[in-house]
>>> print(open('my_file21.cif').read())   # mmCIF, C-alpha atoms
data_start
#
loop_
_atom_site.group_PDB
_atom_site.id
_atom_site.type_symbol
_atom_site.label_atom_id
_atom_site.label_comp_id
_atom_site.auth_asym_id
_atom_site.auth_seq_id
_atom_site.Cartn_x
_atom_site.Cartn_y
_atom_site.Cartn_z
ATOM 1 C CA MET V 1 0.000 0.000 0.000
ATOM 2 C CA ASP V 2 1.430 3.377 -0.989
ATOM 3 C CA GLU V 3 0.562 6.967 -0.037
ATOM 4 C CA ALA V 4 -2.039 7.305 -2.808
ATOM 5 C CA GLU V 5 -3.817 4.130 -1.689
ATOM 6 C CA VAL V 6 -3.780 5.285 1.952
ATOM 7 C CA ARG V 7 -5.431 8.534 0.886
ATOM 8 C CA ARG V 8 -8.023 6.726 -1.219
ATOM 9 C CA VAL V 9 -8.954 4.384 1.623
ATOM 10 C CA CYS V 10 -9.077 7.094 4.298
ATOM 11 C CA LEU V 11 -10.986 9.658 2.234
ATOM 12 C CA GLN V 12 -13.752 7.284 1.117
ATOM 13 C CA PHE V 13 -15.819 7.895 4.268
ATOM 14 C CA PRO V 14 -18.456 10.609 4.759
ATOM 15 C CA GLY V 15 -17.008 13.731 6.365
ATOM 16 C CA ALA V 16 -13.396 12.526 6.007
ATOM 17 C CA TYR V 17 -10.682 14.956 5.014
ATOM 18 C CA GLU V 18 -6.903 15.239 5.130
ATOM 19 C CA ASP V 19 -5.052 17.816 7.219
ATOM 20 C CA PHE V 20 -1.402 18.564 8.039
ATOM 21 C CA PRO V 21 -1.393 20.101 11.548
ATOM 22 C CA PHE V 22 1.988 18.529 12.408
ATOM 23 C CA GLY V 23 3.809 19.538 9.214
ATOM 24 C CA PRO V 24 4.086 18.231 5.661
ATOM 25 C CA ASP V 25 5.242 14.731 6.633
ATOM 26 C CA ALA V 26 2.299 13.844 8.866
ATOM 27 C CA SER V 27 -0.952 13.321 7.007
ATOM 28 C CA VAL V 28 -3.827 13.421 9.498
ATOM 29 C CA PHE V 29 -7.187 12.047 8.431
ATOM 30 C CA LYS V 30 -10.118 13.512 10.332
ATOM 31 C CA VAL V 31 -13.873 13.211 10.251
ATOM 32 C CA GLN V 32 -16.109 16.228 10.695
ATOM 33 C CA ALA V 33 -19.858 16.506 10.495
ATOM 34 C CA SER V 34 -21.322 19.805 9.371
ATOM 35 C CA GLY V 35 -20.746 22.261 12.192
ATOM 36 C CA GLY V 36 -19.216 19.639 14.478
ATOM 37 C CA LYS V 37 -15.718 19.266 15.868
ATOM 38 C CA ALA V 38 -13.185 17.397 13.708
ATOM 39 C CA LYS V 39 -11.691 14.227 15.191
ATOM 40 C CA MET V 40 -8.674 12.273 13.982
ATOM 41 C CA PHE V 41 -9.108 8.636 12.920
ATOM 42 C CA ALA V 42 -5.782 8.040 11.131
ATOM 43 C CA LEU V 43 -2.271 9.468 11.070
ATOM 44 C CA CYS V 44 0.148 8.516 8.304
ATOM 45 C CA TRP V 45 3.853 9.378 8.249
ATOM 46 C CA LEU V 46 4.394 10.235 4.584
ATOM 47 C CA GLY V 47 7.662 9.284 2.987
ATOM 48 C CA GLY V 48 8.507 6.951 5.842
ATOM 49 C CA SER V 49 10.290 3.743 5.068
ATOM 50 C CA PRO V 50 8.312 1.673 5.589
ATOM 51 C CA LEU V 51 5.132 3.709 5.319
ATOM 52 C CA THR V 52 3.130 3.505 8.573
ATOM 53 C CA ILE V 53 -0.343 4.525 9.664
ATOM 54 C CA SER V 54 -1.706 4.926 13.188
ATOM 55 C CA LEU V 55 -5.292 3.793 13.699
ATOM 56 C CA LYS V 56 -7.710 3.735 16.618
ATOM 57 C CA CYS V 57 -8.680 0.248 17.792
ATOM 58 C CA GLU V 58 -10.684 -1.467 20.538
ATOM 59 C CA PRO V 59 -8.137 -2.265 23.309
ATOM 60 C CA GLU V 60 -8.642 -6.053 23.332
ATOM 61 C CA LEU V 61 -8.502 -6.281 19.550
ATOM 62 C CA ALA V 62 -5.404 -4.061 19.509
ATOM 63 C CA LEU V 63 -3.576 -6.594 21.674
ATOM 64 C CA GLN V 64 -4.733 -9.521 19.522
ATOM 65 C CA LEU V 65 -3.604 -7.794 16.328
ATOM 66 C CA ARG V 66 -0.186 -7.006 17.813
ATOM 67 C CA ALA V 67 0.252 -10.637 18.840
ATOM 68 C CA ALA V 68 -0.774 -11.936 15.413
ATOM 69 C CA HIS V 69 1.092 -9.490 13.131
ATOM 70 C CA SER V 70 4.665 -8.250 13.498
ATOM 71 C CA GLN V 71 3.698 -5.190 11.413
ATOM 72 C CA ILE V 72 1.259 -3.958 14.113
ATOM 73 C CA ASN V 73 2.488 -2.313 17.320
ATOM 74 C CA GLY V 74 1.369 0.282 19.849
ATOM 75 C CA ALA V 75 1.339 3.679 18.124
ATOM 76 C CA TRP V 76 4.297 5.926 18.838
ATOM 77 C CA HIS V 77 3.405 9.136 20.751
ATOM 78 C CA MET V 78 -0.209 8.028 21.155
ATOM 79 C CA ASN V 79 -2.251 6.154 23.748
ATOM 80 C CA LYS V 80 -1.066 2.616 23.018
ATOM 81 C CA LYS V 81 -4.150 1.157 24.674
ATOM 82 C CA HIS V 82 -6.347 2.625 21.925
ATOM 83 C CA TRP V 83 -4.020 3.231 18.961
ATOM 84 C CA ASN V 84 -2.016 0.829 16.787
ATOM 85 C CA SER V 85 0.785 1.658 14.403
ATOM 86 C CA VAL V 86 0.545 -0.427 11.230
ATOM 87 C CA ARG V 87 3.531 -0.878 8.904
ATOM 88 C CA LEU V 88 2.272 -0.918 5.339
ATOM 89 C CA ASP V 89 5.093 -2.976 3.885
ATOM 90 C CA ASP V 90 4.770 -6.383 2.290
ATOM 91 C CA GLY V 91 3.128 -8.984 4.447
ATOM 92 C CA LEU V 92 -0.135 -7.437 5.590
ATOM 93 C CA ASP V 93 -3.205 -8.130 3.507
ATOM 94 C CA VAL V 94 -4.605 -4.929 1.955
ATOM 95 C CA ASP V 95 -8.132 -6.013 2.931
ATOM 96 C CA LEU V 96 -7.043 -6.223 6.583
ATOM 97 C CA VAL V 97 -5.580 -2.708 6.444
ATOM 98 C CA GLN V 98 -8.773 -1.382 4.838
ATOM 99 C CA ASP V 99 -10.833 -3.057 7.586
ATOM 100 C CA LEU V 100 -8.605 -1.517 10.272
ATOM 101 C CA VAL V 101 -9.043 1.956 8.740
ATOM 102 C CA GLU V 102 -12.816 1.482 8.610
ATOM 103 C CA ASP V 103 -12.856 0.254 12.227
ATOM 104 C CA SER V 104 -10.880 3.335 13.297
ATOM 105 C CA TYR V 105 -13.294 5.651 11.469
ATOM 106 C CA ASP V 106 -16.279 3.855 13.036
ATOM 107 C CA LEU V 107 -14.857 4.118 16.564
ATOM 108 C CA VAL V 108 -14.284 7.849 16.167
ATOM 109 C CA VAL V 109 -17.680 8.519 14.585
ATOM 110 C CA ALA V 110 -19.367 6.489 17.336
ATOM 111 C CA SER V 111 -17.975 8.989 19.852
ATOM 112 C CA LEU V 112 -19.535 11.980 18.057
ATOM 113 C CA PRO V 113 -22.803 13.522 19.218
ATOM 114 C CA ARG V 114 -25.923 11.905 17.749
ATOM 115 C CA ARG V 115 -26.726 14.868 15.489
ATOM 116 C CA ASP V 116 -23.221 14.644 13.969
ATOM 117 C CA ARG V 117 -23.509 10.886 13.419
ATOM 118 C CA GLU V 118 -26.883 11.410 11.764
ATOM 119 C CA SER V 119 -25.582 14.207 9.514
ATOM 120 C CA LEU V 120 -22.874 11.799 8.318
ATOM 121 C CA MET V 121 -25.603 9.201 7.631
ATOM 122 C CA TRP V 122 -23.466 6.760 9.606
ATOM 123 C CA LYS V 123 -24.936 3.263 9.947
ATOM 124 C CA GLY V 124 -23.129 2.398 13.166
ATOM 125 C CA LEU V 125 -20.597 -0.162 14.293
ATOM 126 C CA ALA V 126 -23.022 -3.041 13.837
ATOM 127 C CA GLY V 127 -24.638 -1.656 10.697
ATOM 128 C CA GLY V 128 -27.615 -0.225 12.605
#
>>> encode(input="my_file21.cif", output="structure tokens")
Amino acid sequence: MDEAEVRRVCLQFPGAYEDFPFGPDASVFKVQASGGKAKMFALCWLGGSPLTISLKCEPELALQLRAAHSQINGAWHMNKKHWNSVRLDDGLDVDLVQDLVEDSYDLVVASLPRRDRESLMWKGLAGG
């Protein structure tokens, strides 16, 4: 997965946009409902070798993923209980990475006020 693919995957969600609050090498993907506060769901270190992305994750699942995949670790400079760092080099299935990005987006949107979730037409973590 390269930078263009990361952008495509992260920007496919309603209300998602890219920002650079930490400088040109840190692409931050946020979700914002109309009038609501923007919240980060992904952080990608552009130009890194290997390319990595930090994603929000349920704490128990985060531990399971770290145990199962050497490319997944606690995210640097973030709450490691809730954030994983995922190396996007060879070895991780692209479908898994896409699922992890979607899970991160869903966790962040779930924490938004109801009116914001509704304005995003979000279906919820369990599709409801």
>>> residues_around(input="my_file21.cif", residues="region 36-49 of chain V", least_positions_apart="2", cutoff="8 Å", atoms="all atoms listed in the file", output="PyMOL selection string")
chain V and resi 3+10+25-34+51-56+101+104-105+108+116
>>> write_last_selection(input="my_file21.cif", atoms="C-alpha atoms", output="short mmCIF file (atom, residue, chain, number, x, y, z; two decimals), in the frame of the given file")
data_model
loop_
_atom_site.label_atom_id
_atom_site.label_comp_id
_atom_site.auth_asym_id
_atom_site.auth_seq_id
_atom_site.Cartn_x
_atom_site.Cartn_y
_atom_site.Cartn_z
CA GLU V 3 0.56 6.97 -0.04
CA CYS V 10 -9.08 7.09 4.30
CA ASP V 25 5.24 14.73 6.63
CA ALA V 26 2.30 13.84 8.87
CA SER V 27 -0.95 13.32 7.01
CA VAL V 28 -3.83 13.42 9.50
CA PHE V 29 -7.19 12.05 8.43
CA LYS V 30 -10.12 13.51 10.33
CA VAL V 31 -13.87 13.21 10.25
CA GLN V 32 -16.11 16.23 10.70
CA ALA V 33 -19.86 16.51 10.50
CA SER V 34 -21.32 19.80 9.37
CA LEU V 51 5.13 3.71 5.32
CA THR V 52 3.13 3.50 8.57
CA ILE V 53 -0.34 4.53 9.66
CA SER V 54 -1.71 4.93 13.19
CA LEU V 55 -5.29 3.79 13.70
CA LYS V 56 -7.71 3.74 16.62
CA VAL V 101 -9.04 1.96 8.74
CA SER V 104 -10.88 3.34 13.30
CA TYR V 105 -13.29 5.65 11.47
CA VAL V 108 -14.28 7.85 16.17
CA ASP V 116 -23.22 14.64 13.97
#
>>> atom_distance(input="my_file21.cif", atom1="CA of Ala4 (chain V)", atom2="CA of Val86 (chain V)")
16.2 Å
>>> closest_atom_pairs(input="my_file21.cif", of="region 82-125 of chain V", to="region 64-73 of chain V", cutoff="10 Å", atoms="only C-alpha atoms", output="CSV")
residue,atom,partner,partner_atom,distance
V:Trp83,CA,V:Asn73,CA,8.7
V:Asn84,CA,V:Asn73,CA,5.5
V:Ser85,CA,V:Asn73,CA,5.2
V:Val86,CA,V:Ile72,CA,4.6
V:Arg87,CA,V:Gln71,CA,5.0
V:Leu88,CA,V:Gln71,CA,7.6
V:Asp89,CA,V:Gln71,CA,8.0
V:Asp90,CA,V:Gln71,CA,9.3
V:Gly91,CA,V:Gln71,CA,8.0
V:Leu92,CA,V:Gln71,CA,7.3
>>> atom_distance(input="my_file21.cif", atom1="CA of His82 (chain V)", atom2="CA of Leu107 (chain V)")
10.2 Å
>>> atom_distance(input="my_file21.cif", atom1="CA of Leu61 (chain V)", atom2="CA of Lys123 (chain V)")
21.3 Å
>>> closest_residue(input="my_file21.cif", among="V:Asp106, V:Ala16, V:Lys80, V:Pro21", to="Pro59 (chain V)", atoms="all atoms listed in the file")
V:Lys80
>>> closest_residue(input="my_file21.cif", among="V:Pro50, V:Asp99, V:Gly124, V:Asp2", to="Ser111 (chain V)", atoms="all atoms listed in the file")
V:Gly124
>>> closest_residue(input="my_file21.cif", among="V:Met78, V:Leu100, V:Gly23, V:Met121", to="Cys57 (chain V)", atoms="all atoms listed in the file")
V:Leu100
>>> closest_residue(input="my_file21.cif", among="V:Gly35, V:Gly15, V:Ala75, V:Val97", to="Trp122 (chain V)", atoms="all atoms listed in the file")
V:Gly15
>>> axis_aligned_box(input="my_file21.cif", around="region 24-39 of chain V", padding_each_side="3 Å", output="JSON")
{"center_x": -8.0, "center_y": 17.2, "center_z": 10.8, "size_x": 32.6, "size_y": 16.2, "size_z": 16.2}
>>> closest_residue(input="my_file21.cif", among="V:Val9, V:Arg114, V:Tyr17, V:Val109", to="Leu96 (chain V)", atoms="all atoms listed in the file")
V:Val9
>>> closest_residue(input="my_file21.cif", among="V:Glu118, V:Asp95, V:Glu58, V:Glu102", to="Phe13 (chain V)", atoms="all atoms listed in the file")
V:Glu102
